[in-house]
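Accompanying notes for the structure given below.
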Amino acid sequence: EMLRQVRDSVLDGRPLVMESGTGTGKTVSALSGALEAVLGTGRRVVYLTRTKSQQRQVLREAGAIAGRAGFLCVGMQGRNITTCPLMRDDPDLAAGTAEELSRLCSAHKRRDADGRSGCPFFEGVDEVGAAKYAEALRRDHPSPERFFESCIADGVCPYEMTKLLLRDADVIAAPYPFVFLPAVKRHFHEWIGASDRDLVLIVDEAHNLPEHLRGMMSCEYTAGASRLAETEAAQQGDPEVHRGIRVSEVARAFRECLESALAEHLDGDDGLLPHGYLQEWMMSRFGMPSTSLDGLYEAMIRMGEGICDAKQAEFKLPRSHIRSFGRFMRDWNLCDQEHYVHLVVGADRPRFEAYSLDPYEVAEPLRLCRASVSMSGTLCPLGHYIAELGLEGATEKVFPSPFPEENLMVINVEDVSTSFEELRQDPDTYRRIEEHVAGLIRSVDRNTAVFFPSYGLMDRFIEDGIPGVPGREVYRERRGMSQSELMDLIARFSSSEAGVLFCVFGGRISEGMDFPGREMELAILIGIPFPKPTAKQKAVTRYHEY
């Protein structure tokens, strides 16, 4: 029924928004239905995921379908240091953003008078050609990691080879930014040789999409970043960016304003700021109108661009903290009061943040494409998602779980609270939670996962040694794990006997991962992952209420 619903929605060119629980076959049904509808039409299926782990699952399912029908399935990943065989062993580039690495890649690819580039792996793309890899993908359906290593072994740039393969791909698995971030989307459409109307978009774990889109439209800047800009300015002789005003003075004024905002407006983790708070402070501090300040910020951006160009010419990471500072100050003032909330945030990263309240504008690709399928196990109420993203005329469908209710035992523990305040203030609450978790692990001699609300609480459990649970192998999700490290962790846990996996809500293991059969038989959830009632969250709620 799900497959037919997807097929019919794509044939009709209408959005489909559906909810169906974990393990009900959403991925394979959506792929099969969409492919059946686009067969012979020249249209493409683009399957959008939030994490690489989810992409791996999509490609595995698509490969199983393609094995029978000969479809070409390609996984596209964002540019990072691990995708470049020329730069990935350089520790100075490890923290490079996609934009910075792209600029550096362009410098290496630039051809000399003899028509040769400075990157042998880029040259290898033309020498080997895409046909060999297209055949391998159709036959073996390797994971992106295995495909990348195969390319590197052949002396070929995996990123450039993937771009070539996109033009003939029937199914493309890609992260959200390739479709929703305008600068990236433009290149993506060039690579695949298709317009919006040629695409069928499938959004997996769609409950994440609105928040992800809001984050793409938001901006923030920290006190620490302003100090880096000041240091960079000193290295450049602290040049003027306006008559008598130097970068260092702007950076210090920013921090003074931030300190004042923290003292006046912080309420808990964050606080709302009056619109124009930062701009008015700067106008008063430097005695100039807003138009002159705008020119000052543009001068900082141009200065930073010059620094980036000089670094790029030397094949160094083209990063400028002055440019980032100028961009934030410019963008902060462009964030209007109607669609943004201006915040001051405390804790260990004091910062200003302009947070987007409305994902409608950046969700435009879902309205321009041939058809879209948004699906998740937790998407109700569907009408709210439809209204938020502007999917007029969308078909709403909820598929109930096909599994017998008696096959799932759900136990609620009611003598503790997972409130952040109580956990912080009442040691006895934490002790009782720890005892419950330890008791549950002891009671079931099977693979068990424990989902924590934060890394901090998980680290505390591990430091305490999980009292009363001797002899059980513990597998631990860590911040910043590489994809290969994460997949190795999951493989070791899945193949273990009575292993214990510690992970967090919102982490990469909590969504889009399959643990069939005995790979995981008990899940312990410490709390329900509702967002904290911060000023930001309250502003989002008010925006949607009115």
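Identifiers for the structure tokens are assigned positionally: chains receive A, B, ... in sequence, residues are indexed from 1 per chain, and ligands are indexed from 1 in the order shown.
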
At a cut-off of 12 Å, using only C-alpha atoms, what residues contact His436 in chain A? Leave out same-chain residues fewer than 3 positions from it and give the result as an MDAnalysis selection string. chainID A and resid 411:416 429:433 439:443 450 466:469 524:526

How would the residues just picked look written out with N, CA, C and O atoms as an mmCIF file, in the first residue's frame?
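Dumped to out20.cif:
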```cif
data_model
loop_
_atom_site.group_PDB
_atom_site.id
_atom_site.type_symbol
_atom_site.label_atom_id
_atom_site.label_comp_id
_atom_site.auth_asym_id
_atom_site.auth_seq_id
_atom_site.Cartn_x
_atom_site.Cartn_y
_atom_site.Cartn_z
ATOM 1 N N ILE A 411 7.985 -0.316 29.108
ATOM 2 C CA ILE A 411 7.937 -0.130 30.560
ATOM 3 C C ILE A 411 8.282 1.323 30.872
ATOM 4 O O ILE A 411 9.313 1.830 30.429
ATOM 5 N N ASN A 412 7.418 1.985 31.618
ATOM 6 C CA ASN A 412 7.674 3.358 32.046
ATOM 7 C C ASN A 412 8.077 3.365 33.515
ATOM 8 O O ASN A 412 7.398 2.782 34.352
ATOM 9 N N VAL A 413 9.182 4.016 33.819
ATOM 10 C CA VAL A 413 9.637 4.158 35.203
ATOM 11 C C VAL A 413 9.165 5.523 35.708
ATOM 12 O O VAL A 413 9.494 6.556 35.119
ATOM 13 N N GLU A 414 8.396 5.520 36.792
ATOM 14 C CA GLU A 414 7.713 6.740 37.203
ATOM 15 C C GLU A 414 8.221 7.337 38.514
ATOM 16 O O GLU A 414 7.695 8.354 38.972
ATOM 17 N N ASP A 415 9.252 6.746 39.105
ATOM 18 C CA ASP A 415 9.707 7.267 40.401
ATOM 19 C C ASP A 415 10.933 8.168 40.274
ATOM 20 O O ASP A 415 11.612 8.459 41.262
ATOM 21 N N VAL A 416 11.227 8.588 39.025
ATOM 22 C CA VAL A 416 12.333 9.526 38.808
ATOM 23 C C VAL A 416 11.887 10.604 37.831
ATOM 24 O O VAL A 416 10.871 10.469 37.153
ATOM 25 N N THR A 429 18.143 11.850 42.587
ATOM 26 C CA THR A 429 17.454 11.563 41.325
ATOM 27 C C THR A 429 18.399 10.860 40.358
ATOM 28 O O THR A 429 18.042 9.848 39.743
ATOM 29 N N TYR A 430 19.609 11.384 40.233
ATOM 30 C CA TYR A 430 20.591 10.761 39.341
ATOM 31 C C TYR A 430 20.918 9.342 39.809
ATOM 32 O O TYR A 430 21.006 8.415 39.005
ATOM 33 N N ARG A 431 21.072 9.165 41.135
ATOM 34 C CA ARG A 431 21.419 7.842 41.657
ATOM 35 C C ARG A 431 20.331 6.814 41.333
ATOM 36 O O ARG A 431 20.624 5.682 40.939
ATOM 37 N N ARG A 432 19.054 7.218 41.455
ATOM 38 C CA ARG A 432 17.959 6.289 41.163
ATOM 39 C C ARG A 432 17.911 5.943 39.679
ATOM 40 O O ARG A 432 17.657 4.798 39.301
ATOM 41 N N ILE A 433 18.171 6.922 38.810
ATOM 42 C CA ILE A 433 18.218 6.641 37.366
ATOM 43 C C ILE A 433 19.337 5.648 37.076
ATOM 44 O O ILE A 433 19.165 4.690 36.313
ATOM 45 N N GLY A 439 20.004 -1.992 36.666
ATOM 46 C CA GLY A 439 19.124 -3.128 36.889
ATOM 47 C C GLY A 439 18.537 -3.683 35.615
ATOM 48 O O GLY A 439 18.435 -4.911 35.430
ATOM 49 N N LEU A 440 18.160 -2.797 34.689
ATOM 50 C CA LEU A 440 17.605 -3.247 33.409
ATOM 51 C C LEU A 440 18.660 -3.984 32.588
ATOM 52 O O LEU A 440 18.381 -5.003 31.963
ATOM 53 N N ILE A 441 19.881 -3.452 32.583
ATOM 54 C CA ILE A 441 20.953 -4.110 31.828
ATOM 55 C C ILE A 441 21.222 -5.503 32.408
ATOM 56 O O ILE A 441 21.396 -6.477 31.667
ATOM 57 N N ARG A 442 21.230 -5.612 33.736
ATOM 58 C CA ARG A 442 21.481 -6.906 34.367
ATOM 59 C C ARG A 442 20.362 -7.905 34.069
ATOM 60 O O ARG A 442 20.614 -9.103 33.943
ATOM 61 N N SER A 443 19.132 -7.408 33.936
ATOM 62 C CA SER A 443 17.980 -8.310 33.843
ATOM 63 C C SER A 443 17.831 -8.950 32.475
ATOM 64 O O SER A 443 17.137 -9.950 32.326
ATOM 65 N N VAL A 450 21.458 2.182 25.358
ATOM 66 C CA VAL A 450 20.999 3.178 26.327
ATOM 67 C C VAL A 450 21.130 4.549 25.666
ATOM 68 O O VAL A 450 22.236 4.945 25.272
ATOM 69 N N ILE A 466 29.103 2.298 35.682
ATOM 70 C CA ILE A 466 27.809 1.601 35.611
ATOM 71 C C ILE A 466 27.719 0.591 36.757
ATOM 72 O O ILE A 466 27.838 -0.620 36.547
ATOM 73 N N PRO A 467 27.532 1.045 37.988
ATOM 74 C CA PRO A 467 27.585 0.170 39.161
ATOM 75 C C PRO A 467 26.715 -1.072 39.009
ATOM 76 O O PRO A 467 25.572 -1.006 38.550
ATOM 77 N N GLY A 468 27.279 -2.189 39.379
ATOM 78 C CA GLY A 468 26.501 -3.425 39.398
ATOM 79 C C GLY A 468 26.375 -4.118 38.066
ATOM 80 O O GLY A 468 25.602 -5.051 37.919
ATOM 81 N N VAL A 469 27.124 -3.694 37.022
ATOM 82 C CA VAL A 469 27.053 -4.336 35.706
ATOM 83 C C VAL A 469 28.457 -4.779 35.301
ATOM 84 O O VAL A 469 29.062 -4.215 34.392
ATOM 85 N N ILE A 524 16.901 1.396 26.230
ATOM 86 C CA ILE A 524 16.593 2.146 27.447
ATOM 87 C C ILE A 524 16.692 3.634 27.114
ATOM 88 O O ILE A 524 17.757 4.116 26.709
ATOM 89 N N LEU A 525 15.581 4.346 27.272
ATOM 90 C CA LEU A 525 15.529 5.763 26.928
ATOM 91 C C LEU A 525 15.476 6.578 28.213
ATOM 92 O O LEU A 525 14.514 6.478 28.979
ATOM 93 N N ILE A 526 16.489 7.391 28.441
ATOM 94 C CA ILE A 526 16.520 8.230 29.639
ATOM 95 C C ILE A 526 15.865 9.559 29.295
ATOM 96 O O ILE A 526 16.488 10.479 28.783
#
```

Could you name the residues that touch Ala233 in chain A at 9 Å or less, counting only C-alpha atoms, but leaving out those on the same chain fewer than 6 positions away, as number ranges by chain? A: 239, 246-248, 321-322

Name all residues at most 8 Å from Ala98 in chain A (count only C-alpha atoms; drop same-chain ones fewer than 5 positions away) and give them as a PyMOL selection string. chain A and resi 78-80

Running DSSP on the backbone, which parts of range 212-288 of chain A land in helix (DSSP H, G or I), as a PyMOL selection string? chain A and resi 212-217+223-235+247-265+277-286

Quick one: everything within 8 Å of Pro85 in chain A, counting only C-alpha atoms, minus sequence neighbours fewer than 4 positions away in the same chain. Send it as a PDB file with N, CA, C and O atoms, in the first residue's frame.
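Full text of result-v7.pdb as output:
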```
ATOM      1  N   ASP A  89      45.853  14.148   4.356  1.00  0.00           N
ATOM      2  CA  ASP A  89      46.894  13.859   5.345  1.00  0.00           C
ATOM      3  C   ASP A  89      47.542  15.124   5.904  1.00  0.00           C
ATOM      4  O   ASP A  89      48.507  15.039   6.668  1.00  0.00           O
ATOM      5  N   PHE A 121      45.365  13.440  -8.977  1.00  0.00           N
ATOM      6  CA  PHE A 121      44.109  12.696  -8.851  1.00  0.00           C
ATOM      7  C   PHE A 121      43.023  13.300  -9.737  1.00  0.00           C
ATOM      8  O   PHE A 121      42.180  12.582 -10.273  1.00  0.00           O
ATOM      9  N   ILE A 152      40.746   6.186  -4.958  1.00  0.00           N
ATOM     10  CA  ILE A 152      42.065   6.645  -4.521  1.00  0.00           C
ATOM     11  C   ILE A 152      43.135   5.618  -4.898  1.00  0.00           C
ATOM     12  O   ILE A 152      44.238   5.976  -5.326  1.00  0.00           O
ATOM     13  N   CYS A 157      40.447  11.103  -8.262  1.00  0.00           N
ATOM     14  CA  CYS A 157      39.757  11.897  -7.250  1.00  0.00           C
ATOM     15  C   CYS A 157      38.332  11.371  -7.089  1.00  0.00           C
ATOM     16  O   CYS A 157      37.536  11.436  -8.036  1.00  0.00           O
TER      17      CYS A 157
END
```

Residues flagged strand (DSSP E) by DSSP in range 208-373 of chain A, as a CSV table (one decimal) with N, CA and C atoms, in the first residue's frame:
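After the write, part-v4.csv holds the following:
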```csv
chain,number,residue,atom,x,y,z
A,219,CYS,N,22.4,32.6,11.7
A,219,CYS,CA,23.9,32.9,11.8
A,219,CYS,C,24.2,33.2,13.3
A,220,GLU,N,25.5,33.0,13.7
A,220,GLU,CA,25.9,33.3,15.0
A,220,GLU,C,27.4,33.7,15.0
A,221,TYR,N,27.8,34.3,16.1
A,221,TYR,CA,29.2,34.7,16.2
A,221,TYR,C,29.6,34.8,17.6
A,222,THR,N,30.7,34.3,18.0
A,222,THR,CA,31.1,34.1,19.4
A,222,THR,C,32.2,35.2,19.8
A,240,GLU,N,43.0,50.0,9.0
A,240,GLU,CA,41.8,50.8,9.2
A,240,GLU,C,40.7,50.2,8.3
A,241,VAL,N,39.5,50.1,8.7
A,241,VAL,CA,38.4,49.7,7.9
A,241,VAL,C,37.4,50.8,7.7
A,242,HIS,N,37.6,52.0,8.4
A,242,HIS,CA,36.9,53.2,8.2
A,242,HIS,C,37.8,54.3,8.7
A,245,ILE,N,39.2,54.1,12.3
A,245,ILE,CA,38.7,52.9,13.0
A,245,ILE,C,39.4,51.6,12.5
A,246,ARG,N,39.9,50.9,13.4
A,246,ARG,CA,40.6,49.6,13.1
A,246,ARG,C,39.8,48.4,13.4
A,270,ASP,N,19.8,31.4,27.4
A,270,ASP,CA,19.8,32.4,26.4
A,270,ASP,C,18.8,33.5,26.7
A,271,GLY,N,18.7,34.5,25.9
A,271,GLY,CA,17.8,35.6,26.1
A,271,GLY,C,17.5,36.4,24.9
A,272,LEU,N,16.2,36.9,24.8
A,272,LEU,CA,15.8,37.7,23.6
A,272,LEU,C,16.4,39.1,23.7
A,340,TYR,N,12.9,36.5,12.0
A,340,TYR,CA,14.1,36.1,12.8
A,340,TYR,C,13.9,36.6,14.3
A,341,VAL,N,14.6,35.9,15.2
A,341,VAL,CA,14.7,36.3,16.6
A,341,VAL,C,16.2,36.5,16.9
A,342,HIS,N,16.5,37.6,17.5
A,342,HIS,CA,17.9,37.9,17.9
A,342,HIS,C,18.1,37.5,19.3
A,343,LEU,N,19.2,36.8,19.5
A,343,LEU,CA,19.4,36.2,20.8
A,343,LEU,C,20.8,36.4,21.3
A,344,VAL,N,21.0,36.5,22.7
A,344,VAL,CA,22.3,36.4,23.3
A,344,VAL,C,22.3,35.0,24.0
A,345,VAL,N,23.4,34.3,23.8
A,345,VAL,CA,23.5,32.9,24.4
A,345,VAL,C,24.7,32.9,25.3
A,351,ARG,N,27.7,34.2,22.8
A,351,ARG,CA,27.6,34.6,21.4
A,351,ARG,C,26.3,35.3,21.2
A,352,PHE,N,26.3,36.0,20.0
A,352,PHE,CA,25.0,36.5,19.4
A,352,PHE,C,24.5,35.6,18.4
A,353,GLU,N,23.2,35.4,18.3
A,353,GLU,CA,22.7,34.5,17.3
A,353,GLU,C,21.4,35.1,16.7
A,354,ALA,N,21.3,35.1,15.4
A,354,ALA,CA,20.1,35.5,14.7
A,354,ALA,C,19.5,34.2,14.1
A,355,TYR,N,18.4,33.8,14.7
A,355,TYR,CA,17.8,32.5,14.5
A,355,TYR,C,16.6,32.7,13.6
A,356,SER,N,16.5,31.9,12.5
A,356,SER,CA,15.4,32.0,11.6
A,356,SER,C,14.2,31.2,12.2
A,371,ALA,N,7.7,16.0,-7.8
A,371,ALA,CA,7.0,15.5,-6.7
A,371,ALA,C,7.9,15.3,-5.5
A,372,SER,N,7.4,15.2,-4.3
A,372,SER,CA,8.2,15.0,-3.1
A,372,SER,C,7.5,14.0,-2.2
A,373,VAL,N,8.3,13.3,-1.5
A,373,VAL,CA,7.9,12.3,-0.5
A,373,VAL,C,8.6,12.7,0.8
```

Write out as a PDB file with all heavy atoms, in the first residue's frame which residues come within 8 Å of Tyr159 in chain A when counting only C-alpha atoms, dropping same-chain ones fewer than 6 positions away.
```pdb
ATOM      1  N   ARG A  79      31.738  17.966   0.602  1.00  0.00           N
ATOM      2  CA  ARG A  79      33.200  18.037   0.514  1.00  0.00           C
ATOM      3  C   ARG A  79      33.798  18.164   1.916  1.00  0.00           C
ATOM      4  O   ARG A  79      33.417  19.023   2.705  1.00  0.00           O
ATOM      5  CB  ARG A  79      33.612  19.239  -0.337  1.00  0.00           C
ATOM      6  CG  ARG A  79      35.099  19.234  -0.709  1.00  0.00           C
ATOM      7  CD  ARG A  79      35.476  20.522  -1.367  1.00  0.00           C
ATOM      8  NE  ARG A  79      34.844  20.706  -2.651  1.00  0.00           N
ATOM      9  CZ  ARG A  79      35.312  20.250  -3.804  1.00  0.00           C
ATOM     10  NH1 ARG A  79      36.421  19.545  -3.816  1.00  0.00           N
ATOM     11  NH2 ARG A  79      34.678  20.497  -4.942  1.00  0.00           N
ATOM     12  N   THR A  83      37.569  13.315   1.697  1.00  0.00           N
ATOM     13  CA  THR A  83      37.237  13.013   0.303  1.00  0.00           C
ATOM     14  C   THR A  83      38.343  13.440  -0.657  1.00  0.00           C
ATOM     15  O   THR A  83      38.215  13.212  -1.864  1.00  0.00           O
ATOM     16  CB  THR A  83      35.930  13.704  -0.111  1.00  0.00           C
ATOM     17  OG1 THR A  83      36.111  15.131  -0.100  1.00  0.00           O
ATOM     18  CG2 THR A  83      34.794  13.327   0.823  1.00  0.00           C
ATOM     19  N   CYS A  84      39.393  14.066  -0.155  1.00  0.00           N
ATOM     20  CA  CYS A  84      40.460  14.556  -1.033  1.00  0.00           C
ATOM     21  C   CYS A  84      41.757  13.821  -0.746  1.00  0.00           C
ATOM     22  O   CYS A  84      42.387  14.044   0.300  1.00  0.00           O
ATOM     23  CB  CYS A  84      40.665  16.059  -0.846  1.00  0.00           C
ATOM     24  SG  CYS A  84      42.022  16.706  -1.849  1.00  0.00           S
ATOM     25  N   PHE A 148      35.117   5.432  -2.465  1.00  0.00           N
ATOM     26  CA  PHE A 148      36.163   6.444  -2.387  1.00  0.00           C
ATOM     27  C   PHE A 148      37.544   5.789  -2.327  1.00  0.00           C
ATOM     28  O   PHE A 148      38.475   6.221  -3.006  1.00  0.00           O
ATOM     29  CB  PHE A 148      35.942   7.323  -1.148  1.00  0.00           C
ATOM     30  CG  PHE A 148      34.986   8.460  -1.376  1.00  0.00           C
ATOM     31  CD1 PHE A 148      33.921   8.326  -2.257  1.00  0.00           C
ATOM     32  CD2 PHE A 148      35.134   9.665  -0.712  1.00  0.00           C
ATOM     33  CE1 PHE A 148      33.028   9.348  -2.474  1.00  0.00           C
ATOM     34  CE2 PHE A 148      34.245  10.712  -0.924  1.00  0.00           C
ATOM     35  CZ  PHE A 148      33.190  10.551  -1.801  1.00  0.00           C
TER      36      PHE A 148
END
```
